[in-house]
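**Q** This is data19.cif (mmCIF, C-alpha atoms).
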data_query
loop_
_atom_site.label_atom_id
_atom_site.label_comp_id
_atom_site.auth_asym_id
_atom_site.auth_seq_id
_atom_site.Cartn_x
_atom_site.Cartn_y
_atom_site.Cartn_z
CA MET A 14 -5.63 -45.76 -30.26
CA ARG A 15 -4.61 -45.44 -33.90
CA ASN A 16 -1.08 -44.28 -34.60
CA SER A 17 -1.22 -40.88 -36.33
CA HIS A 18 1.70 -42.01 -38.51
CA ASP A 19 -0.87 -44.08 -40.42
CA VAL A 20 -3.04 -41.10 -41.38
CA THR A 21 -2.35 -40.23 -44.99
CA PHE A 22 -3.28 -37.00 -46.71
CA THR A 23 -4.87 -38.31 -49.89
CA LYS A 24 -5.54 -36.70 -53.26
CA GLU A 25 -9.25 -36.62 -52.42
CA MET A 26 -8.48 -34.59 -49.27
CA ARG A 27 -7.13 -31.75 -51.40
CA LYS A 28 -10.74 -30.97 -52.28
CA THR A 29 -12.27 -31.45 -48.83
CA HIS A 30 -9.62 -30.53 -46.24
CA THR A 31 -8.25 -27.22 -44.97
CA ILE A 32 -4.52 -27.29 -44.24
CA LEU A 33 -3.60 -25.33 -41.09
CA ALA A 34 -0.04 -24.01 -40.99
CA PRO A 35 1.74 -22.04 -38.25
CA GLN A 36 2.56 -18.40 -38.91
CA MET A 37 6.21 -17.33 -38.89
CA ALA A 38 7.33 -14.51 -41.19
CA THR A 39 4.06 -12.66 -41.81
CA ILE A 40 4.85 -11.07 -45.17
CA GLN A 41 6.73 -14.00 -46.69
CA PHE A 42 4.37 -16.73 -45.48
CA SER A 43 1.29 -14.80 -46.59
CA LEU A 44 2.69 -14.71 -50.13
CA LEU A 45 3.67 -18.39 -50.01
CA VAL A 46 0.13 -19.34 -49.00
CA HIS A 47 -1.27 -17.83 -52.19
CA VAL A 48 1.18 -19.86 -54.26
CA LEU A 49 -0.06 -23.05 -52.58
CA ARG A 50 -3.69 -22.04 -53.03
CA GLU A 51 -3.17 -21.57 -56.75
CA GLU A 52 -1.66 -25.06 -56.81
CA GLY A 53 -4.93 -26.45 -55.49
CA TYR A 54 -4.37 -26.56 -51.71
CA ASN A 55 -6.79 -24.89 -49.29
CA ILE A 56 -4.30 -23.58 -46.74
CA THR A 57 -4.79 -21.21 -43.81
CA LEU A 58 -2.13 -19.54 -41.67
CA LEU A 59 -2.88 -19.72 -37.95
CA GLU A 60 -3.03 -16.39 -36.13
CA ASN A 61 -4.25 -17.51 -32.70
CA GLU A 62 -2.14 -16.22 -29.81
CA GLY A 63 -2.44 -15.77 -26.08
CA PRO A 64 -1.78 -17.80 -22.91
CA SER A 65 -3.86 -20.75 -24.13
CA VAL A 66 -1.33 -21.43 -26.92
CA VAL A 67 1.53 -21.70 -24.42
CA GLN A 68 -0.56 -23.74 -22.00
CA LYS A 69 -1.54 -26.21 -24.72
CA GLY A 70 2.10 -26.49 -25.71
CA LEU A 71 3.16 -27.16 -22.12
CA LYS A 72 0.39 -29.72 -21.76
CA TYR A 73 1.25 -31.79 -24.82
CA VAL A 74 4.98 -31.15 -25.34
CA HIS A 75 7.70 -31.87 -22.79
CA ASN A 76 8.95 -28.56 -21.42
CA ASP A 77 12.56 -29.55 -22.11
CA THR A 78 11.74 -29.37 -25.82
CA CYS A 79 12.73 -26.12 -27.50
CA TYR A 80 10.30 -23.22 -27.26
CA PRO A 81 9.42 -22.95 -30.99
CA ALA A 82 8.17 -26.57 -30.98
CA LEU A 83 6.08 -25.86 -27.90
CA LEU A 84 4.54 -22.75 -29.52
CA VAL A 85 3.92 -24.26 -32.95
CA ILE A 86 2.33 -27.43 -31.56
CA GLY A 87 0.44 -25.47 -28.90
CA GLN A 88 -0.92 -23.13 -31.58
CA MET A 89 -2.14 -26.09 -33.66
CA ILE A 90 -3.82 -27.92 -30.77
CA ASP A 91 -5.38 -24.64 -29.62
CA ALA A 92 -6.78 -24.12 -33.12
CA LEU A 93 -8.26 -27.63 -33.18
CA ASP A 94 -9.83 -27.01 -29.75
CA SER A 95 -11.26 -23.63 -30.79
CA GLY A 96 -14.34 -25.01 -32.56
CA LEU A 97 -13.57 -22.89 -35.63
CA TYR A 98 -12.71 -25.90 -37.76
CA ASP A 99 -14.26 -29.26 -38.56
CA THR A 100 -11.44 -31.36 -37.16
CA HIS A 101 -12.36 -34.24 -39.48
CA LYS A 102 -11.72 -31.99 -42.47
CA VAL A 103 -8.40 -30.40 -41.53
CA ALA A 104 -4.76 -31.35 -41.94
CA LEU A 105 -1.76 -29.79 -40.23
CA ALA A 106 1.41 -28.68 -42.03
CA ILE A 107 4.87 -28.16 -40.62
CA THR A 108 8.27 -27.50 -42.19
CA GLN A 109 11.31 -29.74 -41.70
CA THR A 110 14.93 -29.06 -42.62
CA GLY A 111 16.07 -32.62 -41.99
CA GLY A 112 19.21 -31.41 -40.22
CA GLY A 113 20.67 -32.31 -36.84
CA CYS A 114 18.63 -29.69 -34.96
CA ARG A 115 15.75 -30.75 -32.73
CA ALA A 116 13.47 -29.07 -35.30
CA SER A 117 13.73 -32.24 -37.37
CA ASN A 118 11.73 -33.98 -34.63
CA TYR A 119 8.88 -31.46 -34.55
CA ILE A 120 6.66 -33.59 -36.77
CA HIS A 121 7.00 -36.61 -34.46
CA LEU A 122 6.30 -34.43 -31.42
CA LEU A 123 3.22 -33.04 -33.17
CA LYS A 124 1.89 -36.52 -33.99
CA LYS A 125 2.43 -37.58 -30.40
CA ALA A 126 0.57 -34.48 -29.19
CA LEU A 127 -2.32 -35.25 -31.54
CA GLN A 128 -2.60 -38.74 -30.09
CA ARG A 129 -2.62 -37.43 -26.52
CA SER A 130 -5.20 -34.75 -27.29
CA GLY A 131 -7.56 -37.10 -29.14
CA TYR A 132 -6.92 -35.83 -32.65
CA ASP A 133 -5.00 -38.87 -33.89
CA TYR A 134 -7.17 -38.92 -37.04
CA VAL A 135 -5.78 -35.56 -38.27
CA PRO A 136 -3.19 -35.91 -41.10
CA VAL A 137 0.16 -34.17 -40.73
CA LEU A 138 2.02 -32.83 -43.78
CA SER A 139 5.73 -32.12 -43.92
CA PHE A 140 7.15 -29.36 -46.13
CA ASN A 141 10.72 -30.50 -46.79
CA LEU A 142 13.23 -31.14 -49.57
CA LYS A 143 14.57 -34.40 -48.16
CA GLY A 144 11.72 -36.70 -49.23
CA MET A 145 10.57 -37.30 -45.66
CA ASN A 146 6.98 -38.14 -44.62
CA LYS A 147 5.53 -38.45 -48.11
CA HIS A 148 1.80 -38.23 -48.78
CA SER A 149 -0.04 -39.13 -51.98
CA GLY A 150 -2.10 -35.93 -51.77
CA PHE A 151 0.80 -33.52 -51.41
CA THR A 152 3.83 -33.18 -53.67
CA LEU A 153 6.37 -30.39 -53.93
CA THR A 154 6.71 -29.80 -57.67
CA TYR A 155 9.33 -27.80 -59.57
CA SER A 156 6.67 -25.19 -60.38
CA MET A 157 5.73 -24.82 -56.70
CA LEU A 158 9.37 -24.52 -55.64
CA LYS A 159 10.17 -21.86 -58.23
CA LYS A 160 7.08 -19.82 -57.43
CA GLY A 161 7.75 -20.22 -53.72
CA ILE A 162 11.33 -19.01 -54.06
CA VAL A 163 10.26 -15.94 -56.04
CA SER A 164 7.52 -15.21 -53.49
CA LEU A 165 10.12 -15.34 -50.71
CA LEU A 166 12.28 -12.93 -52.71
CA TYR A 167 9.36 -10.50 -53.00
CA GLY A 168 8.55 -10.94 -49.32
CA ASP A 169 12.13 -10.38 -48.17
CA THR A 170 12.38 -7.21 -50.26
CA LEU A 171 9.07 -5.92 -48.97
CA MET A 172 10.14 -6.60 -45.36
CA LEU A 173 13.47 -4.84 -45.96
CA LEU A 174 11.88 -1.69 -47.41
CA LYS A 175 9.12 -1.60 -44.81
CA ASN A 176 11.59 -1.81 -41.93
CA GLN A 177 13.75 0.94 -43.39
CA SER A 178 10.76 3.26 -43.91
CA LYS A 179 8.38 2.82 -40.98
CA VAL A 180 10.30 4.69 -38.28
CA TYR A 181 10.88 7.68 -40.61
CA GLU A 182 7.39 8.02 -42.09
CA VAL A 183 5.84 11.49 -41.97
CA VAL A 184 2.29 10.30 -42.58
CA PRO A 185 1.31 7.77 -39.88
CA SER A 186 0.64 4.23 -41.19
CA SER A 187 1.68 5.18 -44.74
CA THR A 188 4.34 2.45 -44.74
CA ASP A 189 1.85 -0.19 -43.62
CA ALA A 190 -0.61 0.96 -46.30
CA LEU A 191 2.01 0.67 -49.04
CA THR A 192 3.11 -2.71 -47.71
CA LYS A 193 -0.50 -3.94 -47.80
CA LYS A 194 -0.91 -2.63 -51.35
CA TRP A 195 2.11 -4.59 -52.56
CA MET A 196 1.11 -7.75 -50.72
CA GLU A 197 -2.26 -7.61 -52.48
CA PHE A 198 -0.49 -6.99 -55.79
CA PHE A 199 1.75 -10.05 -55.40
CA GLN A 200 -1.23 -12.13 -54.34
CA THR A 201 -3.04 -11.05 -57.51
CA GLU A 202 0.04 -11.96 -59.53
CA ALA A 203 -0.06 -15.43 -57.98
CA LYS A 204 -3.68 -15.84 -59.06
CA LYS A 205 -2.74 -14.84 -62.61
CA GLN A 206 0.30 -17.17 -62.53
CA THR A 207 2.54 -14.23 -63.46
CA GLY A 208 5.49 -12.42 -61.91
CA TYR A 209 7.88 -15.37 -61.93
CA LYS A 210 9.97 -14.65 -65.03
CA ILE A 211 13.26 -12.80 -64.65
CA ARG A 212 12.09 -9.76 -66.62
CA GLU A 213 8.89 -9.62 -64.54
CA ILE A 214 10.86 -9.94 -61.30
CA LYS A 215 13.17 -7.09 -62.32
CA LYS A 216 10.20 -4.90 -63.23
CA HIS A 217 8.33 -5.58 -59.99
CA ILE A 218 11.38 -5.09 -57.74
CA HIS A 219 12.25 -1.84 -59.54
CA THR A 220 8.74 -0.45 -59.09
CA LEU A 221 8.55 -1.68 -55.50
CA VAL A 222 11.77 0.12 -54.52
CA LYS A 223 10.70 3.23 -56.40
CA GLU A 224 7.37 3.51 -54.58
CA PHE A 225 8.96 3.03 -51.15
CA SER A 226 11.54 5.68 -52.08
CA GLN A 227 8.70 8.10 -52.79
CA LEU A 228 7.16 7.68 -49.34
CA GLU A 229 7.48 10.93 -47.39
CA LYS A 230 10.09 10.43 -44.68
CA ASP A 231 11.92 12.51 -42.07
CA TYR A 232 15.51 11.33 -41.76
CA SER A 233 16.38 13.99 -39.19
CA ARG A 234 14.72 11.98 -36.42
CA PRO A 235 17.01 10.43 -33.78
CA VAL A 236 16.86 6.74 -34.61
CA VAL A 237 18.79 3.69 -33.43
CA ARG A 238 19.56 1.00 -35.99
CA VAL A 239 18.94 -2.47 -34.61
CA GLY A 240 19.48 -5.87 -36.23
CA ILE A 241 17.64 -9.04 -35.23
CA VAL A 242 19.23 -12.47 -35.60
CA GLY A 243 18.74 -15.85 -33.96
CA GLU A 244 16.82 -19.10 -34.27
CA ILE A 245 14.72 -18.82 -37.43
CA TYR A 246 11.27 -19.09 -35.81
CA MET A 247 12.11 -16.73 -32.96
CA LYS A 248 13.63 -14.24 -35.38
CA TYR A 249 10.48 -13.83 -37.48
CA ALA A 250 7.47 -15.00 -35.46
CA ALA A 251 5.75 -12.36 -33.35
CA LEU A 252 4.22 -15.18 -31.30
CA GLY A 253 7.72 -16.38 -30.43
CA ASN A 254 9.51 -13.07 -29.78
CA ASN A 255 6.64 -11.22 -28.09
CA HIS A 256 6.13 -8.83 -31.03
CA LEU A 257 9.73 -7.66 -30.91
CA GLU A 258 9.51 -5.58 -34.10
CA ASP A 259 6.54 -3.59 -32.79
CA PHE A 260 8.38 -2.95 -29.53
CA LEU A 261 11.46 -1.69 -31.38
CA TYR A 262 9.33 0.62 -33.53
CA SER A 263 7.89 2.08 -30.32
CA GLN A 264 11.45 2.78 -29.17
CA SER A 265 12.32 4.74 -32.36
CA CYS A 266 14.40 1.97 -33.92
CA GLU A 267 15.08 1.17 -37.53
CA VAL A 268 15.02 -2.62 -37.77
CA MET A 269 17.01 -4.88 -40.07
CA ILE A 270 16.15 -8.59 -40.21
CA PRO A 271 18.07 -10.83 -42.62
CA GLY A 272 15.76 -12.41 -45.21
CA ILE A 273 14.63 -16.02 -45.47
CA MET A 274 16.44 -16.31 -48.81
CA GLY A 275 19.70 -16.16 -46.86
CA PHE A 276 18.70 -19.28 -44.93
CA ILE A 277 17.85 -21.12 -48.15
CA LEU A 278 21.22 -20.18 -49.66
CA TYR A 279 22.86 -21.34 -46.43
CA ALA A 280 21.14 -24.72 -46.66
CA ILE A 281 22.30 -25.18 -50.25
CA GLN A 282 25.84 -24.08 -49.42
CA ASN A 283 25.93 -26.62 -46.60
CA GLN A 284 25.06 -29.42 -49.00
CA ILE A 285 27.88 -28.33 -51.30
CA GLU A 286 30.31 -28.24 -48.38
CA ASP A 287 29.18 -31.69 -47.20
CA ILE A 288 29.95 -33.22 -50.59
CA LYS A 289 33.35 -31.50 -50.66
CA LEU A 290 34.22 -32.69 -47.15
CA TYR A 291 32.71 -36.16 -47.06
CA GLY A 292 32.12 -37.09 -50.68
CA GLY A 293 28.83 -37.75 -52.41
CA SER A 294 27.02 -37.58 -55.71
CA LYS A 295 28.77 -35.39 -58.28
CA ILE A 296 25.44 -34.94 -60.04
CA ARG A 297 23.91 -33.61 -56.81
CA LEU A 298 26.88 -31.26 -56.42
CA ILE A 299 26.31 -29.88 -59.93
CA ILE A 300 22.57 -29.44 -59.26
CA MET A 301 23.24 -27.63 -55.98
CA LYS A 302 25.68 -25.27 -57.71
CA ILE A 303 23.16 -24.55 -60.47
CA ILE A 304 20.49 -23.73 -57.87
CA LEU A 305 22.95 -21.57 -55.93
CA ASN A 306 23.84 -19.63 -59.09
CA PHE A 307 20.17 -19.10 -59.95
CA LEU A 308 19.33 -17.83 -56.47
CA SER A 309 22.40 -15.58 -56.56
CA LYS A 310 21.05 -13.98 -59.74
CA LEU A 311 17.75 -13.28 -58.01
CA GLU A 312 19.64 -11.89 -55.02
CA LYS A 313 21.58 -9.55 -57.33
CA ILE A 314 18.36 -8.10 -58.79
CA VAL A 315 17.25 -6.95 -55.34
CA ILE A 316 20.65 -5.69 -54.18
CA ASP A 317 21.24 -3.70 -57.37
CA GLU A 318 17.84 -2.00 -57.15
CA VAL A 319 18.12 -1.17 -53.45
CA GLU A 320 21.68 0.12 -53.80
CA ALA A 321 20.47 2.44 -56.57
CA ALA A 322 17.96 4.02 -54.18
CA PRO A 323 19.82 5.54 -51.21
CA PRO A 324 19.45 6.00 -48.30
CA PHE A 325 18.03 2.46 -48.41
CA ILE A 326 20.64 -0.07 -47.34
CA ALA A 327 20.88 -3.28 -49.35
CA PRO A 328 21.77 -6.61 -47.75
CA ARG A 329 25.17 -8.11 -48.49
CA PHE A 330 25.68 -10.72 -51.18
CA PHE A 331 25.61 -14.27 -49.87
CA HIS A 332 29.15 -14.98 -51.07
CA GLU A 333 30.29 -12.02 -48.96
CA SER A 334 28.52 -13.52 -45.96
CA VAL A 335 30.36 -16.80 -46.47
CA GLU A 336 33.74 -15.06 -46.52
CA SER A 337 32.77 -12.91 -43.54
CA ALA A 338 31.78 -15.99 -41.55
CA LYS A 339 35.10 -17.71 -42.29
CA GLU A 340 36.91 -14.93 -40.44
CA ALA A 341 35.13 -15.91 -37.23
CA ILE A 342 33.87 -19.50 -37.43
CA SER A 343 34.21 -22.66 -39.50
CA ILE A 344 31.47 -23.03 -42.10
CA SER A 345 31.35 -26.72 -41.22
CA CYS A 346 29.45 -25.55 -38.10
CA LYS A 347 25.97 -26.05 -39.53
CA MET A 348 23.59 -27.36 -36.87
CA GLY A 349 20.48 -25.20 -36.74
CA GLU A 350 21.41 -21.71 -37.96
CA GLY A 351 25.10 -22.60 -37.50
CA TRP A 352 27.68 -20.36 -39.12
CA LEU A 353 24.95 -18.28 -40.78
CA LEU A 354 24.01 -16.83 -37.39
CA THR A 355 27.56 -15.57 -36.87
CA ALA A 356 27.73 -14.32 -40.47
CA GLU A 357 24.46 -12.39 -40.10
CA MET A 358 25.81 -10.55 -37.04
CA ARG A 359 28.97 -9.64 -38.95
CA ASP A 360 26.90 -8.53 -41.95
CA LEU A 361 24.60 -6.36 -39.86
CA ALA A 362 27.55 -4.64 -38.19
CA ALA A 363 29.18 -4.01 -41.59
CA LEU A 364 25.94 -2.44 -42.85
CA GLY A 365 25.77 -0.05 -39.90
CA TYR A 366 23.44 -2.05 -37.64
CA LYS A 367 25.89 -2.34 -34.77
CA ASN A 368 23.18 -2.93 -32.16
CA ILE A 369 22.10 -6.54 -32.47
CA ILE A 370 19.50 -8.59 -30.62
CA CYS A 371 20.18 -12.33 -30.73
CA VAL A 372 16.88 -14.08 -30.00
CA GLN A 373 17.16 -17.69 -28.93
CA PRO A 374 14.99 -20.36 -27.33
CA PHE A 375 16.33 -21.23 -23.90
CA GLY A 376 18.58 -24.28 -24.17
CA CYS A 377 18.99 -24.05 -27.97
CA LEU A 378 22.51 -25.47 -28.27
CA PRO A 379 23.29 -24.24 -31.84
CA ASN A 380 22.23 -20.69 -30.96
CA HIS A 381 24.13 -20.63 -27.69
CA ILE A 382 27.30 -21.70 -29.53
CA ALA A 383 27.05 -19.87 -32.87
CA GLY A 384 25.19 -16.89 -31.40
CA LYS A 385 25.88 -16.12 -27.75
CA GLY A 386 29.13 -18.10 -27.83
CA MET A 387 30.53 -15.98 -30.68
CA MET A 388 29.97 -12.61 -29.00
CA LYS A 389 33.55 -12.28 -27.73
CA THR A 390 35.01 -13.20 -31.13
CA LEU A 391 32.73 -10.72 -32.89
CA LYS A 392 33.63 -7.95 -30.45
CA ASP A 393 37.33 -8.72 -30.93
CA LEU A 394 36.81 -8.25 -34.69
CA ASP A 395 34.69 -5.11 -34.23
CA GLY A 396 34.90 -3.28 -30.90
CA THR A 397 31.87 -1.08 -31.74
CA ILE A 398 29.41 -3.96 -31.98
CA ASN A 399 26.69 -4.00 -29.28
CA ILE A 400 25.06 -7.44 -28.92
CA VAL A 401 22.45 -8.60 -26.42
CA PRO A 402 21.25 -12.22 -26.32
CA ILE A 403 17.62 -12.63 -25.26
CA ASP A 404 16.29 -16.01 -24.13
CA TYR A 405 12.65 -16.95 -24.76
CA ASP A 406 10.82 -19.74 -22.95
CA PRO A 407 7.49 -20.20 -21.11
CA GLY A 408 8.97 -18.87 -17.86
CA ALA A 409 10.58 -15.73 -19.33
CA THR A 410 8.61 -12.51 -18.83
CA LYS A 411 8.11 -9.93 -21.54
CA VAL A 412 8.98 -7.16 -19.08
CA ASN A 413 12.42 -8.61 -18.33
CA GLN A 414 13.12 -9.16 -22.02
CA GLU A 415 12.17 -5.60 -22.91
CA ASN A 416 14.16 -4.16 -20.00
CA ARG A 417 17.30 -5.92 -21.25
CA ILE A 418 16.68 -4.52 -24.72
CA LYS A 419 16.15 -1.04 -23.28
CA LEU A 420 19.56 -1.26 -21.59
CA MET A 421 21.12 -2.10 -24.96
CA LEU A 422 19.28 0.82 -26.58
CA ALA A 423 20.50 3.16 -23.82
CA VAL A 424 24.09 2.26 -24.70
CA ALA A 425 23.27 2.68 -28.40
CA ASN A 426 21.80 6.14 -27.84
CA GLU A 427 24.84 7.23 -25.83
CA ARG A 428 27.10 6.18 -28.69
CA ARG A 429 24.87 7.87 -31.25
CA ILE A 430 24.95 11.19 -29.36
CA GLU A 431 28.72 10.88 -28.90
CA ASN A 432 29.25 10.23 -32.63
CA GLU A 433 26.99 13.14 -33.58
CA SER A 434 28.99 15.45 -31.28
CA LYS A 435 32.24 14.35 -32.91
CA ARG A 436 30.85 15.03 -36.40
CA GLU A 437 29.69 18.52 -35.36
CA LYS A 438 33.22 19.34 -34.13
#
Starting from the file, lay out its structure as structure tokens.
**A**
Amino acid sequence: MRNSHDVTFTKEMRKTHTILAPQMATIQFSLLVHVLREEGYNITLLENEGPSVVQKGLKYVHNDTCYPALLVIGQMIDALDSGLYDTHKVALAITQTGGGCRASNYIHLLKKALQRSGYDYVPVLSFNLKGMNKHSGFTLTYSMLKKGIVSLLYGDTLMLLKNQSKVYEVVPSSTDALTKKWMEFFQTEAKKQTGYKIREIKKHIHTLVKEFSQLEKDYSRPVVRVGIVGEIYMKYAALGNNHLEDFLYSQSCEVMIPGIMGFILYAIQNQIEDIKLYGGSKIRLIIMKIILNFLSKLEKIVIDEVEAAPPFIAPRFFHESVESAKEAISISCKMGEGWLLTAEMRDLAALGYKNIICVQPFGCLPNHIAGKGMMKTLKDLDGTINIVPIDYDPGATKVNQENRIKLMLAVANERRIENESKREK
């Protein structure tokens, strides 16, 4: 049997092959896909769900491996088995951070699964910034990176405004309709190769916030504010967290999920800290600081616009998150989501989202330490914070997960009623 490590995605394959990529953050990834398509790659986000995805994952991935790997690989094998694609004209794509988390091994687990399932001829692409698993037919260029970053910024902003509007909407589905309109707009911008200059970004973000502000809403409704943090795949992927956002909407919750841009800033900050602690290239340090400053400018555009449109709540600046984290945990704790996970819980509480769901794959060591393990410290710093950790794995039932969340929401509603009574007095 041929080793799938030998299968290269060539330049010729760009014209003939469809690249299948796992879905994670629906809004952000949908916008990223259009950037890649305009760069000449035929890429499709996988949407297949159901028991067969989990079963394929269990069949081809050891069940001691973390749940996101099992789902992502199961989803890919399930897609190849579906008959919807010519398996000799597809490639698979997966992201890699290159850090100490087990996620850095996903690509090797995927290649092993392809061998076992008889698809060892399918090329596997790696989206990473560490120069790993290079292919002649796929290159991350400066243009792609810049457009991708801006697309993530648009996606994060759209997710933020959608989540702060949906539970209050007077006209059913009006928030979803406006979200769809803006996704189509940004996709059109990608086709025209526009929307990436600073002045264009400012204009689009301003108009985006304005239109969501004009949605008819009823803020008198009894609503519980809930934040979602955790392992990055579980936090965003409906396949991983059993459609957690939809469930929270059904329970009259306003949801806040930290954006993907925060994770990118975290990754850059970690590289800066590594050079400070252990030494390294001064040129790389300067480059990382330049990138951090550029992303901070983009971050400021969004925060300024959202802050100017109350009652929308803007996320905190990244530098504030760093300082907030330092009060609870060392920022040298950087495996997986590391100190960012603790910082996001502190940020959410400071923004008024005291009720926090920490989603984690069962056995995910970084999340159990920097998430569940920090609960006592966080409660010592803020006695009003209400955190519930929820484990996800093939044996966990959706009913048990939702019942635990309902218990948290019951406590949240009691506190809300108590606070309202105090204000009335």
**Q** Please evaluate the PyMOL selection byres ((chain A and resi 42) around 12) against the structure above and give the resulting residues as a PDB file with C-alpha atoms, in the coordinates of the input.
**A**
ATOM      1  CA  ALA A  34      -0.040 -24.010 -40.990  1.00  0.00           C
ATOM      2  CA  PRO A  35       1.740 -22.040 -38.250  1.00  0.00           C
ATOM      3  CA  GLN A  36       2.560 -18.400 -38.910  1.00  0.00           C
ATOM      4  CA  MET A  37       6.210 -17.330 -38.890  1.00  0.00           C
ATOM      5  CA  ALA A  38       7.330 -14.510 -41.190  1.00  0.00           C
ATOM      6  CA  THR A  39       4.060 -12.660 -41.810  1.00  0.00           C
ATOM      7  CA  ILE A  40       4.850 -11.070 -45.170  1.00  0.00           C
ATOM      8  CA  GLN A  41       6.730 -14.000 -46.690  1.00  0.00           C
ATOM      9  CA  SER A  43       1.290 -14.800 -46.590  1.00  0.00           C
ATOM     10  CA  LEU A  44       2.690 -14.710 -50.130  1.00  0.00           C
ATOM     11  CA  LEU A  45       3.670 -18.390 -50.010  1.00  0.00           C
ATOM     12  CA  VAL A  46       0.130 -19.340 -49.000  1.00  0.00           C
ATOM     13  CA  HIS A  47      -1.270 -17.830 -52.190  1.00  0.00           C
ATOM     14  CA  VAL A  48       1.180 -19.860 -54.260  1.00  0.00           C
ATOM     15  CA  LEU A  49      -0.060 -23.050 -52.580  1.00  0.00           C
ATOM     16  CA  ILE A  56      -4.300 -23.580 -46.740  1.00  0.00           C
ATOM     17  CA  THR A  57      -4.790 -21.210 -43.810  1.00  0.00           C
ATOM     18  CA  LEU A  58      -2.130 -19.540 -41.670  1.00  0.00           C
ATOM     19  CA  LEU A  59      -2.880 -19.720 -37.950  1.00  0.00           C
ATOM     20  CA  GLU A  60      -3.030 -16.390 -36.130  1.00  0.00           C
ATOM     21  CA  THR A 108       8.270 -27.500 -42.190  1.00  0.00           C
ATOM     22  CA  GLY A 161       7.750 -20.220 -53.720  1.00  0.00           C
ATOM     23  CA  ILE A 162      11.330 -19.010 -54.060  1.00  0.00           C
ATOM     24  CA  SER A 164       7.520 -15.210 -53.490  1.00  0.00           C
ATOM     25  CA  LEU A 165      10.120 -15.340 -50.710  1.00  0.00           C
ATOM     26  CA  LEU A 166      12.280 -12.930 -52.710  1.00  0.00           C
ATOM     27  CA  TYR A 167       9.360 -10.500 -53.000  1.00  0.00           C
ATOM     28  CA  GLY A 168       8.550 -10.940 -49.320  1.00  0.00           C
ATOM     29  CA  ASP A 169      12.130 -10.380 -48.170  1.00  0.00           C
ATOM     30  CA  MET A 172      10.140  -6.600 -45.360  1.00  0.00           C
ATOM     31  CA  MET A 196       1.110  -7.750 -50.720  1.00  0.00           C
ATOM     32  CA  GLN A 200      -1.230 -12.130 -54.340  1.00  0.00           C
ATOM     33  CA  TYR A 249      10.480 -13.830 -37.480  1.00  0.00           C
ATOM     34  CA  ALA A 250       7.470 -15.000 -35.460  1.00  0.00           C
ATOM     35  CA  ILE A 273      14.630 -16.020 -45.470  1.00  0.00           C
TER      36      ILE A 273
END
**Q** If you apply the PyMOL selection byres ((chain A and resi 255) around 12) to this file, what residues do you get, as a PyMOL selection string?
**A** chain A and resi 62-64+84+246-254+256-261+372+403-407+409-415
**Q** If you count only C-alpha atoms, which residues fall within 9 Å of Asn399 in chain A, apart from same-chain ones fewer than 2 positions away, as a PyMOL selection string?
**A** chain A and resi 362+367-370+392+396-397+401+421+424-425
**Q** Check what the PyMOL selection byres ((chain A and resi 239-243) around 8) selects in the file above and give those residues as an NGL selection string.
**A** :A and (237-238 or 244-245 or 247-248 or 266-271 or 350 or 354 or 357-358 or 361 or 366-373 or 380 or 384)
**Q** Need the shell around Ala383 in chain A: protein/DNA/RNA residues with any atom at most 9 Å away, counting all atoms listed in the file. Skip same-chain ones fewer than 2 positions apart. Format as a ChimeraX atom specification?
**A** /A:342,346,350-355,378-381,385-388
**Q** In terms of the shortest atom-to-atom distance over all atoms listed in the file, which of A:Leu173, A:Leu138, A:Met89, A:Val74 is closest to Ala126 in chain A?
**A**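 The shortest atom-to-atom distance to Ala126 in chain A comes from A:Val74.
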**Q** Please, what distance in Å, to one decimal, runs between CA of Phe325 in chain A and CA of Gly275 in chain A?
**A**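 If I compute the distance from CA of Phe325 in chain A to CA of Gly275 in chain A, I get 18.8 Å.
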